[in-house]
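Enquirer: Attaching a single structure in structure tokens format; questions to follow.
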2 protein chains.
Amino acid sequence: MFHSNKSANKLEYFFNPGSIAVIGASNNPLKPGGRPVNFLLDKGYAGNIYPVNPSRETISGIRCYPSILDIPDTVDLAIISVAAKMVYNTLEQCVAKGVKAAVIFSSGFAEVGPGGIAEQKRISGLAEKSGMRILGPNCLGIVNTLNGVMATFAFIAELPQVDRKGLGFVTQSGAYGALIYASSLQRGVGFNYFVSVGNEADLEFADFLEYMVYDPHTRIIGGYLEGAKDGPRLRMLAEAALEKEKPVLVMKVGRSEAGRRAAASHTGSLAGSDNIYDAFFKQTGIVRIDGYTELISFTPLFLNGKLPQGKNTAIIATSGGAGVTITDLCESLGLSVIPLGEKARAKMEKVLPAFASTRNPVDLTAAVMTQPEIITTSLRALTEDPGVDIIIANVNFTSLTGEHPAVREFIEIGKSTDKFLVVCPFIFPGAGMDDACMDIMRAGIPVNPDILEAVKAIANLAGYNETLKRRKRPEYRIQYRNSPKPDLEGLLIPGATLSEGGAKAILEKYGIPAAREYPAASADEAADVAGKIGYPVAVKIDSPDIAHKTEAGGVKLNLNGETEVRKAFEEVTVNAGRYNPDARINGVLVQEMLTGGTEAIIGVTKDPVFGPVIMFGLGGIFVEALKDVSFRVAPVSPGDALDMIREIRGHALLKGFRGRPAVDTGAIVDAILKVSDLVTDHRDMIEELDINPLMVFPHGVKAADALLITADTIPGTDS
Amino acid sequence: MFHSNKSANKLEYFFNPGSIAVIGASNNPLKPGGRPVNFLLDKGYAGNIYPVNPSRETISGIRCYPSILDIPDTVDLAIISVAAKMVYNTLEQCVAKGVKAAVIFSSGFAEVGPGGIAEQKRISGLAEKSGMRILGPNCLGIVNTLNGVMATFAFIAELPQVDRKGLGFVTQSGAYGALIYASSLQRGVGFNYFVSVGNEADLEFADFLEYMVYDPHTRIIGGYLEGAKDGPRLRMLAEAALEKEKPVLVMKVGRSEAGRRAAASHTGSLAGSDNIYDAFFKQTGIVRIDGYTELISFTPLFLNGKLPQGKNTAIIATSGGAGVTITDLCESLGLSVIPLGEKARAKMEKVLPAFASTRNPVDLTAAVMTQPEIITTSLRALTEDPGVDIIIANVNFTSLTGEHPAVREFIEIGKSTDKFLVVCPFIFPGAGMDDACMDIMRAGIPVNPDILEAVKAIANLAGYNETLKRRKRPEYRIQYRNSPKPDLEGLLIPGATLSEGGAKAILEKYGIPAAREYPAASADEAADVAGKIGYPVAVKIDSPDIAHKTEAGGVKLNLNGETEVRKAFEEVTVNAGRYNPDARINGVLVQEMLTGGTEAIIGVTKDPVFGPVIMFGLGGIFVEALKDVSFRVAPVSPGDALDMIREIRGHALLKGFRGRPAVDTGAIVDAILKVSDLVTDHRDMIEELDINPLMVFPHGVKAADALLITADTIPGTDS
């Protein structure tokens, strides 16, 4: 297997250091160096604390050392809060001291321009050379609330903790990450870890993600991400997290072009195309969230230990308007508000008044005030409906005389059902909940009065469980070829733009069918090969200098005999000469004419973060004018390939349309998988591949034209 | 002009009654009838209050009357809270007493089934007959916070009021409306009016909207709508509200099919297609909101009296991550986070440290702690940038020593600039704001710590101002034809399905060009008319029983001579006979062959709420497989028609594509306007119209085929 937590173990010194030195410690709490010692003391860190500052005797009552080298003990973790220009020397002292891990608060590195970039590179080099791992520079540091390791200067270390902690969090923005931490705590959701990665001179986002994936104290992982460094590694970690059924929720910013540019300028991250990130998250089961409140509302629902088994949702409301609003919300977020079973409706109809509704949403109306038991009757009926996966109870338990008569039974039903039950009291966010709702929450049934948040969280959980189930299906496993790797010797040439025959020969080696095609240098030769191929044929100009053949008047289709082929030869060569007088013209290609198919495209681009990314779309206007395409990162599974096909808006066209037969979806899947094999085998070599058009038929597919661009030099061996 | 507030005046007795009777008054506050008297007393209603209850002497210390007829004074408004079966008799007594307006709390009418529906119809009839206007039944009543008219039993009447009241609100859901009212008050946003319309036996949503449009105390109108009754009236009111620059924000539920069904079952409303509502809101300038918090956040921003003059947005942040997040949010909601002007950047660069960013989003970084003046320098620079319309300041004014040094200047700049400035302090929603932010808010600069809400509100305001400006442009005025109405005598036949020639003759009368076409009953005749038209021609089966001609094998295109035409005649008649042996076959239509154009569609359907609705789309797969269409309610302005064309996703195809020339957009607009004239002139007669395809060319358009369905009988005169 490709899981490994070797490197995660190296991070133990950040999360569980036996001793911590604070270099640049100060008694002034306005300075970053003036804060960690107090935080460590306040939060009960049990290891040794060594303040370092040549001009102080003690810091917060603890003996202070002039230099780290003077500390009479081993130091696991060094917190460095000194001026940028002193950081490198300080790190060298740390290395000399045998420090295992260093956190650098100081700013003034890559974020300030060329000088800072150079200095940061020296730091990266030192980490690599020495083996001492570094977090930062320009970061808020790291917090472990489980053992009081407050290696941070952020205010978040001062906040009172809550009991329930299962959430590890990694952030590429310090201040925004701290806001998320504080907001979460205010809502009663505690973090176990908080890591601000700053400029990522050594350790990066994925390193801490890896630690948390393999850490038994972490049950959910949250992240704020501006740009990933290593897509394939992130993919392996996502896979490992799925195996451990540990959800990873990432707030990836830069959805808009303006946001992408801002993120790139902020973290200096690559921040590639957002479409590709989106595809990557779908493919790997990472839950992409658009705002941090999605993380805060997801966490307690997940920690309750139950997942929605499907997306079929029943709603109990006490206001018709609220019921309709929640229905719209559920449907817009991918949940299905389904017709209820006849049995469930009959059970409810027995007790509900005539003006109430037993449809979905169930509307108890104000009758709930005088007949409180209708809440539990309805709830029980819905828990017994086999079609229902999720129940959202938008009810109040208003009682004028002490405990609401239905609350105990409500809790009992909620705790014994296997349906996913969430209570959204009919109040507005921020309004006080009644005692009954508090009791329900204490009994372990999720309660969230913010309907938008609650429904989003439920939808995210349902989607997550769908991913877990999907992962167990064989078609979502990457299938490694058990035949030998096709030999492309002499075909895949460095620094080349291979079009037509050159590219199609490579496709055929990988088993992707291509239209038959032969070059012809003269009209006679063209007529000759046309006869061999069989009519009708197409004639296309063959020139390395003409990429857009149609635009150049270099394509003639549907030629039905020798005369037409000869004429076409003359015309396309003349047209091409006019279009580009400098073009080298080899002659023409005579090609099997493919009729009766639908045009599709399979493309591959090389993403700086994710490597080869496969694109699928319908041909012509669909890709070019409507941008109706789907992406997945290579390698893809058969399930991914099928998802790519289903994801495009024009998908209906492939299922047969206006009397045309359905196309062979299986053959498209097969072609995508073979392209995936090809670009995975030669990931360093292939820069770009376009099969355009791939003609798709009721039976089979055929590449009509293809273009393949290779790298000038191969960065490494690739076998 | 078509504005009138005649009917609005009749509602004065609901909003400003001189005396109120409460029929079914009680001393028991658990009963609906037990509450209004106390509410009226508590909230200082200054008119006379007359409780009515035959078994009580006094209610809340006020003399009680056995019947409304015993009250020795005129009664303007009667509140009725008696059992459903007693309501009608009580209303008759009210009529006898000369009561002007009645509110019926009681439920048990249309919402309980056939018996209730019949009883409710009697109530509607009484209102019509007597002229006494009725609100309800099955409603929460009406609240006027300006004068203490608390004609409601809802808890909202007990809530403490706030000073600022400019928001009138009408709701089709009582309980959900009350939740919105309470949530708004909690946020410091006061309603002047709250109207729960219940079952709308007499007065409906639009009646109260009308009152508020013409009411000088209302500056914004909010609504919760499940289904409108009268589209054209709503359109006139929207127009009047735009003229008065009074925004109307409507939360229209039923976006999803499940929600639409639930709304229909809840209010018994028509709840037509959500696409058409969406188009209607765009067309009329009503701001559609998806949640009530959009109303709550919009209101104070609007009441501040400034509108964004465009959508170009600059962001000041103190966290890079927050800046990127806000950028994504702005862009996703239609605001543009633009590159800043060189001058503005230069001004900021003078004071910002090297690690900060003067790009947009401007990132002040933590430097703001030590150099607080960079907030105001940046703000000033942005207010002086002519490219900027909106400034979002995501900053904190943390000061360790009393008043923050930049606050006064910040307020000064904010108050003197004409840019739209909103402060979103860098805290999480629900966290306490610092003193500086409170000062800024008190000074009249909008502050909202919920970034999502703030950006939505800004986007809604910017969109609203765009609508106001658009409305002043002549192309958004409906242009009434100054030529006489075309004579369709003998062409527009009741109860007919007119296809081909019949429909195209009508189009031509309205100036919509159509392909030339003649019927032919024999192969000879077909060859003859083909010669007259000129080759190439198309031959199509002519049968009233075959709607899908292509499917029936009843169409032959591109025929290039007499022989081909004769052969086509035989083929299509044979095919049609096979397709439907019972079909009446008149012969064929020989049609001018239209080449080189792009297929489009103009369709018209009759919506139960909005009347004729025009649809535009590209032909074939675009409409049928991609559902890529746009709608507007007739009549449409030239601007609306152009918006319809621009709104479709495939719009790029009309602008010229892959070497094809751009099509004649002006001619499409013209065709849409003429269709609009036709279906407006004959709105009662025309049930459905389809011009499919409308061939669009670089110059001009031509209807190739059309279908027109008329009503069996004309419900009224239509000239």
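All residue names refer to the structure tokens as shown: chains lettered A, B, ... in order, residues numbered from 1 in each chain, ligands numbered from 1 in order.
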Could you give me, as a list in words, each residue of range 135-177 of chain B that DSSP assigns to helix (DSSP H, G or I) when run on this structure's backbone?
Expert: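 Secondary structure check on range 135-177 of chain B, helix (DSSP H, G or I): Phe155, Ile156, Ala157, Glu158, Gly174, Ala175, Tyr176 and Gly177 of chain B.
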Enquirer: Take the residues from that selection and write them out as a tab-separated table (two decimals), in the first residue's frame, keeping N, CA, C and O atoms.
Expert:
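Done, and the output landed in again_39.tsv:
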chain	number	residue	atom	x	y	z
B	155	PHE	N	-47.07	36.75	19.25
B	155	PHE	CA	-46.16	37.22	20.30
B	155	PHE	C	-45.36	38.45	19.88
B	155	PHE	O	-44.83	39.16	20.71
B	156	ILE	N	-45.28	38.70	18.61
B	156	ILE	CA	-44.44	39.81	18.15
B	156	ILE	C	-44.92	41.14	18.69
B	156	ILE	O	-44.14	42.08	18.84
B	157	ALA	N	-46.23	41.23	19.03
B	157	ALA	CA	-46.75	42.50	19.55
B	157	ALA	C	-46.18	42.82	20.91
B	157	ALA	O	-46.19	43.97	21.34
B	158	GLU	N	-45.67	41.79	21.60
B	158	GLU	CA	-45.11	42.02	22.94
B	158	GLU	C	-43.68	42.52	22.91
B	158	GLU	O	-43.16	42.98	23.91
B	174	GLY	N	-47.81	32.98	8.39
B	174	GLY	CA	-47.94	33.71	9.65
B	174	GLY	C	-46.76	33.45	10.56
B	174	GLY	O	-46.00	34.37	10.90
B	175	ALA	N	-46.56	32.19	10.94
B	175	ALA	CA	-45.54	31.87	11.93
B	175	ALA	C	-44.14	32.24	11.43
B	175	ALA	O	-43.33	32.81	12.16
B	176	TYR	N	-43.87	31.95	10.15
B	176	TYR	CA	-42.54	32.25	9.63
B	176	TYR	C	-42.34	33.76	9.53
B	176	TYR	O	-41.27	34.28	9.81
B	177	GLY	N	-43.41	34.46	9.17
B	177	GLY	CA	-43.36	35.92	9.14
B	177	GLY	C	-43.05	36.49	10.51
B	177	GLY	O	-42.25	37.42	10.65
Enquirer: Which neighbours of Asp215 in chain B fall inside 12 Å, counting only C-alpha atoms, when residues of the same chain fewer than 4 positions from it are skipped, and could you give them as an MDAnalysis selection string?
Expert: chainID B and resid 5 8:9 11:12 15:16 166:168 192:193 208:211 219:221 240:241 244 246
Enquirer: Generate the output file for the selected residues, N, CA, C and O atoms, as a tab-separated table (two decimals), in the first residue's frame.
Expert:
chain	number	residue	atom	x	y	z
B	5	ASN	N	-53.64	54.77	-6.60
B	5	ASN	CA	-53.69	54.25	-5.24
B	5	ASN	C	-55.11	54.31	-4.69
B	5	ASN	O	-55.32	54.40	-3.50
B	8	ALA	N	-55.67	51.39	-2.52
B	8	ALA	CA	-54.83	51.48	-1.33
B	8	ALA	C	-55.53	52.29	-0.24
B	8	ALA	O	-55.45	51.97	0.94
B	9	ASN	N	-56.25	53.34	-0.64
B	9	ASN	CA	-56.93	54.17	0.35
B	9	ASN	C	-57.93	53.38	1.17
B	9	ASN	O	-58.15	53.68	2.34
B	11	LEU	N	-57.58	50.67	2.41
B	11	LEU	CA	-56.91	49.91	3.46
B	11	LEU	C	-56.58	50.75	4.69
B	11	LEU	O	-56.12	50.22	5.69
B	12	GLU	N	-56.81	52.06	4.59
B	12	GLU	CA	-56.53	52.93	5.74
B	12	GLU	C	-57.17	52.42	7.01
B	12	GLU	O	-56.62	52.57	8.10
B	15	PHE	N	-54.89	50.09	8.74
B	15	PHE	CA	-53.65	50.66	9.27
B	15	PHE	C	-53.90	51.78	10.28
B	15	PHE	O	-53.12	51.96	11.20
B	16	ASN	N	-54.99	52.53	10.08
B	16	ASN	CA	-55.26	53.68	10.95
B	16	ASN	C	-56.73	53.74	11.34
B	16	ASN	O	-57.41	54.73	11.09
B	166	GLY	N	-38.75	51.78	8.97
B	166	GLY	CA	-39.08	52.22	7.62
B	166	GLY	C	-39.49	51.04	6.77
B	166	GLY	O	-39.67	51.16	5.58
B	167	LEU	N	-39.60	49.89	7.43
B	167	LEU	CA	-39.77	48.64	6.70
B	167	LEU	C	-41.19	48.11	6.87
B	167	LEU	O	-41.63	47.81	7.98
B	168	GLY	N	-41.90	48.02	5.76
B	168	GLY	CA	-43.22	47.40	5.78
B	168	GLY	C	-43.09	45.97	5.29
B	168	GLY	O	-42.29	45.68	4.40
B	192	ASN	N	-42.36	49.05	10.36
B	192	ASN	CA	-43.50	49.89	10.67
B	192	ASN	C	-44.79	49.07	10.58
B	192	ASN	O	-45.63	49.16	11.46
B	193	TYR	N	-44.88	48.23	9.54
B	193	TYR	CA	-46.08	47.42	9.41
B	193	TYR	C	-45.71	45.95	9.27
B	193	TYR	O	-44.68	45.60	8.68
B	208	PHE	N	-51.71	44.79	0.05
B	208	PHE	CA	-50.94	45.44	1.11
B	208	PHE	C	-49.63	45.99	0.56
B	208	PHE	O	-49.15	47.03	1.00
B	209	LEU	N	-49.09	45.30	-0.44
B	209	LEU	CA	-47.91	45.84	-1.12
B	209	LEU	C	-48.27	47.20	-1.70
B	209	LEU	O	-47.52	48.17	-1.56
B	210	GLU	N	-49.43	47.30	-2.31
B	210	GLU	CA	-49.85	48.55	-2.92
B	210	GLU	C	-49.96	49.67	-1.87
B	210	GLU	O	-49.49	50.78	-2.07
B	211	TYR	N	-50.57	49.32	-0.73
B	211	TYR	CA	-50.69	50.32	0.32
B	211	TYR	C	-49.32	50.87	0.69
B	211	TYR	O	-49.10	52.07	0.82
B	219	ARG	N	-40.31	53.05	3.60
B	219	ARG	CA	-39.18	53.32	2.71
B	219	ARG	C	-38.66	52.05	2.04
B	219	ARG	O	-37.99	52.12	1.00
B	220	ILE	N	-38.93	50.91	2.63
B	220	ILE	CA	-38.57	49.62	2.03
B	220	ILE	C	-39.73	48.68	2.26
B	220	ILE	O	-40.38	48.75	3.32
B	221	ILE	N	-39.96	47.78	1.31
B	221	ILE	CA	-41.02	46.80	1.49
B	221	ILE	C	-40.42	45.41	1.40
B	221	ILE	O	-39.63	45.11	0.50
B	240	ALA	N	-44.36	51.12	-9.95
B	240	ALA	CA	-44.63	52.29	-9.10
B	240	ALA	C	-43.59	52.41	-8.00
B	240	ALA	O	-43.12	53.51	-7.67
B	241	ALA	N	-43.18	51.26	-7.44
B	241	ALA	CA	-42.17	51.28	-6.38
B	241	ALA	C	-40.84	51.77	-6.91
B	241	ALA	O	-40.12	52.54	-6.25
B	244	LYS	N	-40.82	55.47	-7.21
B	244	LYS	CA	-40.65	56.12	-5.91
B	244	LYS	C	-39.30	55.74	-5.27
B	244	LYS	O	-39.05	56.09	-4.11
B	246	LYS	N	-38.34	53.01	-4.04
B	246	LYS	CA	-38.65	52.28	-2.81
B	246	LYS	C	-38.38	50.80	-3.09
B	246	LYS	O	-39.13	50.17	-3.83
Enquirer: Check every residue of chain B for an atom within 7 Å of chain A, counting only C-alpha atoms, and provide those that qualify as a short mmCIF file (atom, residue, chain, number, x, y, z; two decimals) with N, CA and C atoms, in the first residue's frame.
Expert:
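Contents of the output file result.cif:
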data_model
loop_
_atom_site.label_atom_id
_atom_site.label_comp_id
_atom_site.auth_asym_id
_atom_site.auth_seq_id
_atom_site.Cartn_x
_atom_site.Cartn_y
_atom_site.Cartn_z
N GLY B 108 -59.74 27.04 9.87
CA GLY B 108 -60.80 26.07 9.60
C GLY B 108 -61.49 26.37 8.28
N GLU B 111 -57.93 25.72 4.20
CA GLU B 111 -56.84 24.80 4.55
C GLU B 111 -57.33 23.44 5.05
N VAL B 112 -58.65 23.30 5.34
CA VAL B 112 -59.10 22.00 5.87
C VAL B 112 -59.84 21.16 4.84
N SER B 173 -46.94 33.54 5.12
CA SER B 173 -46.85 32.55 6.20
C SER B 173 -46.87 33.32 7.51
N ALA B 175 -46.56 32.19 10.94
CA ALA B 175 -45.54 31.87 11.93
C ALA B 175 -44.14 32.24 11.43
N TYR B 176 -43.87 31.95 10.15
CA TYR B 176 -42.54 32.25 9.63
C TYR B 176 -42.34 33.76 9.53
N LEU B 179 -41.44 35.03 12.88
CA LEU B 179 -40.03 34.74 13.17
C LEU B 179 -39.13 35.80 12.52
N SER B 183 -36.70 38.28 14.52
CA SER B 183 -35.28 38.22 14.21
C SER B 183 -34.77 39.60 13.81
N VAL B 253 -40.49 31.63 -2.07
CA VAL B 253 -40.07 30.24 -1.88
C VAL B 253 -40.66 29.37 -2.98
N GLY B 254 -40.23 28.12 -2.99
CA GLY B 254 -40.68 27.20 -4.04
C GLY B 254 -39.69 27.19 -5.19
N ARG B 255 -38.40 27.39 -4.92
CA ARG B 255 -37.39 27.31 -5.99
C ARG B 255 -37.29 25.89 -6.50
N SER B 256 -37.35 24.94 -5.59
CA SER B 256 -37.26 23.54 -6.00
C SER B 256 -38.64 23.02 -6.30
N ALA B 258 -39.92 20.26 -5.16
CA ALA B 258 -40.52 19.81 -3.90
C ALA B 258 -41.04 21.01 -3.11
N GLY B 259 -40.30 22.10 -3.13
CA GLY B 259 -40.72 23.31 -2.42
C GLY B 259 -41.95 23.93 -3.06
N ALA B 262 -44.88 21.97 -2.00
CA ALA B 262 -45.22 22.22 -0.60
C ALA B 262 -45.90 23.58 -0.46
N ALA B 263 -45.41 24.58 -1.20
CA ALA B 263 -46.01 25.91 -1.13
C ALA B 263 -47.43 25.86 -1.65
N HIS B 266 -49.51 24.43 0.90
CA HIS B 266 -49.62 25.26 2.10
C HIS B 266 -50.58 26.44 1.90
N SER B 319 -6.00 40.82 7.37
CA SER B 319 -5.55 39.43 7.26
C SER B 319 -5.62 39.07 5.79
N GLY B 320 -4.52 38.52 5.30
CA GLY B 320 -4.49 38.12 3.89
C GLY B 320 -5.60 37.13 3.58
N GLY B 321 -5.78 36.18 4.49
CA GLY B 321 -6.80 35.15 4.28
C GLY B 321 -8.19 35.75 4.20
N ALA B 322 -8.49 36.67 5.10
CA ALA B 322 -9.81 37.31 5.08
C ALA B 322 -9.98 38.09 3.78
N VAL B 324 -8.70 37.46 0.82
CA VAL B 324 -8.98 36.53 -0.28
C VAL B 324 -10.41 36.00 -0.18
N THR B 325 -10.81 35.67 1.04
CA THR B 325 -12.16 35.14 1.25
C THR B 325 -13.22 36.16 0.83
N THR B 327 -12.82 38.58 -1.26
CA THR B 327 -12.72 38.72 -2.71
C THR B 327 -13.55 37.66 -3.42
N ASP B 328 -13.37 36.41 -3.02
CA ASP B 328 -14.17 35.32 -3.62
C ASP B 328 -15.66 35.58 -3.45
N GLU B 331 -16.93 38.40 -5.73
CA GLU B 331 -16.99 37.99 -7.14
C GLU B 331 -18.14 37.00 -7.35
N VAL B 337 -13.93 42.82 -7.94
CA VAL B 337 -12.77 43.28 -7.16
C VAL B 337 -11.71 43.68 -8.17
N ALA B 354 6.75 46.82 3.70
CA ALA B 354 7.06 46.00 2.51
C ALA B 354 6.26 44.71 2.47
N PHE B 355 5.96 44.12 3.63
CA PHE B 355 5.25 42.83 3.62
C PHE B 355 3.74 42.99 3.48
N PRO B 361 -7.35 42.62 -2.89
CA PRO B 361 -7.55 43.25 -1.58
C PRO B 361 -6.28 43.87 -1.00
N ILE B 427 -14.02 40.33 13.02
CA ILE B 427 -14.42 39.49 14.14
C ILE B 427 -15.42 38.49 13.58
N PHE B 428 -15.84 37.54 14.38
CA PHE B 428 -16.84 36.61 13.86
C PHE B 428 -18.23 37.09 14.27
N ALA B 625 -31.99 19.66 -24.92
CA ALA B 625 -31.14 18.86 -24.04
C ALA B 625 -30.50 19.72 -22.96
N LEU B 626 -30.20 20.98 -23.27
CA LEU B 626 -29.49 21.80 -22.29
C LEU B 626 -30.41 22.74 -21.54
N ARG B 649 -26.77 30.73 -21.98
CA ARG B 649 -25.37 30.33 -21.87
C ARG B 649 -24.68 30.27 -23.22
N GLY B 650 -25.46 29.87 -24.25
CA GLY B 650 -24.88 29.74 -25.58
C GLY B 650 -24.78 31.06 -26.33
N ALA B 652 -22.57 33.17 -26.71
CA ALA B 652 -21.33 33.38 -27.49
C ALA B 652 -21.51 32.92 -28.94
N LEU B 653 -22.36 31.93 -29.15
CA LEU B 653 -22.54 31.40 -30.50
C LEU B 653 -23.17 32.43 -31.44
#
Enquirer: Figure out the distance between CA of Asp202 in chain B and CA of Ala21 in chain B, please, to one decimal in Å.
Expert: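 It comes out at 19.6 Å.
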Enquirer: How many Å lie between CA of Pro386 in chain A and CA of Thr313 in chain A, rounded to one decimal?
Expert: 11.4 Å
Enquirer: If you count only C-alpha atoms, which residues fall within 8 Å of Lys311 in chain B, apart from same-chain ones fewer than 2 positions away, as an NGL selection string?
Expert: :B and (308-309 or 313 or 334-336 or 389-390 or 459 or 462)
Enquirer: Those residues you just picked out, can you put them in a file as a PDB file, in the first residue's frame with C-alpha atoms?
Expert:
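Full text of result39.pdb as output:
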ATOM      1  CA  PRO B 308     -23.336  52.051  -4.608  1.00  0.00           C
ATOM      2  CA  GLN B 309     -22.816  53.830  -7.935  1.00  0.00           C
ATOM      3  CA  THR B 313     -15.143  47.042  -5.175  1.00  0.00           C
ATOM      4  CA  GLY B 334     -21.506  39.807  -8.932  1.00  0.00           C
ATOM      5  CA  LEU B 335     -19.265  42.512  -7.500  1.00  0.00           C
ATOM      6  CA  SER B 336     -15.917  43.145  -9.230  1.00  0.00           C
ATOM      7  CA  ASP B 389     -17.508  52.440  -6.209  1.00  0.00           C
ATOM      8  CA  ILE B 390     -17.584  50.327  -3.067  1.00  0.00           C
ATOM      9  CA  ALA B 459     -24.544  43.306  -3.968  1.00  0.00           C
ATOM     10  CA  ALA B 462     -25.689  47.713  -6.187  1.00  0.00           C
TER      11      ALA B 462
END
Enquirer: Could you tell me which of A:Ala706, A:Ile645, A:Lys10, A:Val455 comes closest to Gly666 in chain A if we count only C-alpha atoms?
Expert: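 Smallest separation from Gly666 in chain A among the options: A:Ile645.
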Enquirer: Would you list the contacts of range 119-124 of chain A as a PyMOL selection string, taking every protein, DNA or RNA residue within 10 Å and counting only C-alpha atoms, but skipping same-chain residues closer than 3 positions in sequence?
Expert: chain A and resi 84-85+87-89+91-92+108-111+114-116+127-129+133-134+136-137+199-203
Enquirer: Give the strand (DSSP E) residues of range 507-692 of chain B, as DSSP finds them on the backbone, and put them as JSON, numbers by chain.
Expert: {"B": [517, 518, 519, 520, 537, 538, 539, 540, 541, 542, 555, 556, 557, 558, 559, 587, 588, 589, 590, 591, 592, 598, 599, 600, 601, 602, 603, 604, 605, 606, 607, 611, 612, 613, 614, 615, 616, 617, 618, 629, 630, 631, 632, 633, 686, 687, 688, 689, 690, 691, 692]}
Enquirer: Could you work out how far CA of Met644 in chain A lies from CA of Ser273 in chain A, giving the answer in Å with one decimal?
Expert: 17.2 Å
Enquirer: I'd like the contact shell of Asp528 in chain B - 10 Å cut-off, only C-alpha atoms, skipping same-chain residues fewer than 3 positions apart - returned as a list of chain:residue names.
Expert: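 Within the cut-off, the hits are B:Ala520, B:Ser522, B:Ala523, B:Asp524, B:Glu525, B:Gly531, B:Lys532, B:Ile533, B:Glu562, B:Val565, B:Arg566, B:Val590.
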Enquirer: For Ser416 in chain B, list every protein, DNA or RNA residue within 12 Å, evaluated using only C-alpha atoms, and leave out those in the same chain fewer than 2 positions away; present the list as an MDAnalysis selection string.
Expert: chainID B and resid 306 379:380 383:384 409:414 418:421 443:445
Enquirer: Fewer than 4 positions away in the same chain doesn't count, so skip those; otherwise give me all residues within 9 Å of Gly18 in chain A, counting only C-alpha atoms, as a list in words.
Expert: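 Within the cut-off, the hits are Tyr13, Ala46, Gly47, Asn48, Thr74, Val75, Asp76 and Leu77 of chain A.
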Enquirer: With N, CA and C atoms retained, could you export that selection as an mmCIF file, in the first residue's frame?
Expert:
data_model
loop_
_atom_site.group_PDB
_atom_site.id
_atom_site.type_symbol
_atom_site.label_atom_id
_atom_site.label_comp_id
_atom_site.auth_asym_id
_atom_site.auth_seq_id
_atom_site.Cartn_x
_atom_site.Cartn_y
_atom_site.Cartn_z
ATOM 1 N N TYR A 13 7.745 16.122 17.702
ATOM 2 C CA TYR A 13 8.420 17.139 18.519
ATOM 3 C C TYR A 13 7.698 18.481 18.502
ATOM 4 N N ALA A 46 3.425 20.545 30.702
ATOM 5 C CA ALA A 46 4.109 19.810 31.776
ATOM 6 C C ALA A 46 5.610 19.648 31.558
ATOM 7 N N GLY A 47 6.106 19.975 30.365
ATOM 8 C CA GLY A 47 7.542 19.812 30.109
ATOM 9 C C GLY A 47 8.335 21.003 30.621
ATOM 10 N N ASN A 48 9.632 21.006 30.321
ATOM 11 C CA ASN A 48 10.479 22.105 30.759
ATOM 12 C C ASN A 48 10.381 23.286 29.805
ATOM 13 N N THR A 74 18.356 18.885 27.086
ATOM 14 C CA THR A 74 18.022 18.807 25.663
ATOM 15 C C THR A 74 16.796 19.679 25.409
ATOM 16 N N VAL A 75 16.736 20.205 24.200
ATOM 17 C CA VAL A 75 15.576 21.024 23.803
ATOM 18 C C VAL A 75 14.917 20.348 22.607
ATOM 19 N N ASP A 76 13.638 19.987 22.755
ATOM 20 C CA ASP A 76 12.930 19.363 21.628
ATOM 21 C C ASP A 76 12.434 20.407 20.638
ATOM 22 N N LEU A 77 11.820 21.449 21.199
ATOM 23 C CA LEU A 77 11.183 22.450 20.342
ATOM 24 C C LEU A 77 11.705 23.833 20.687
#
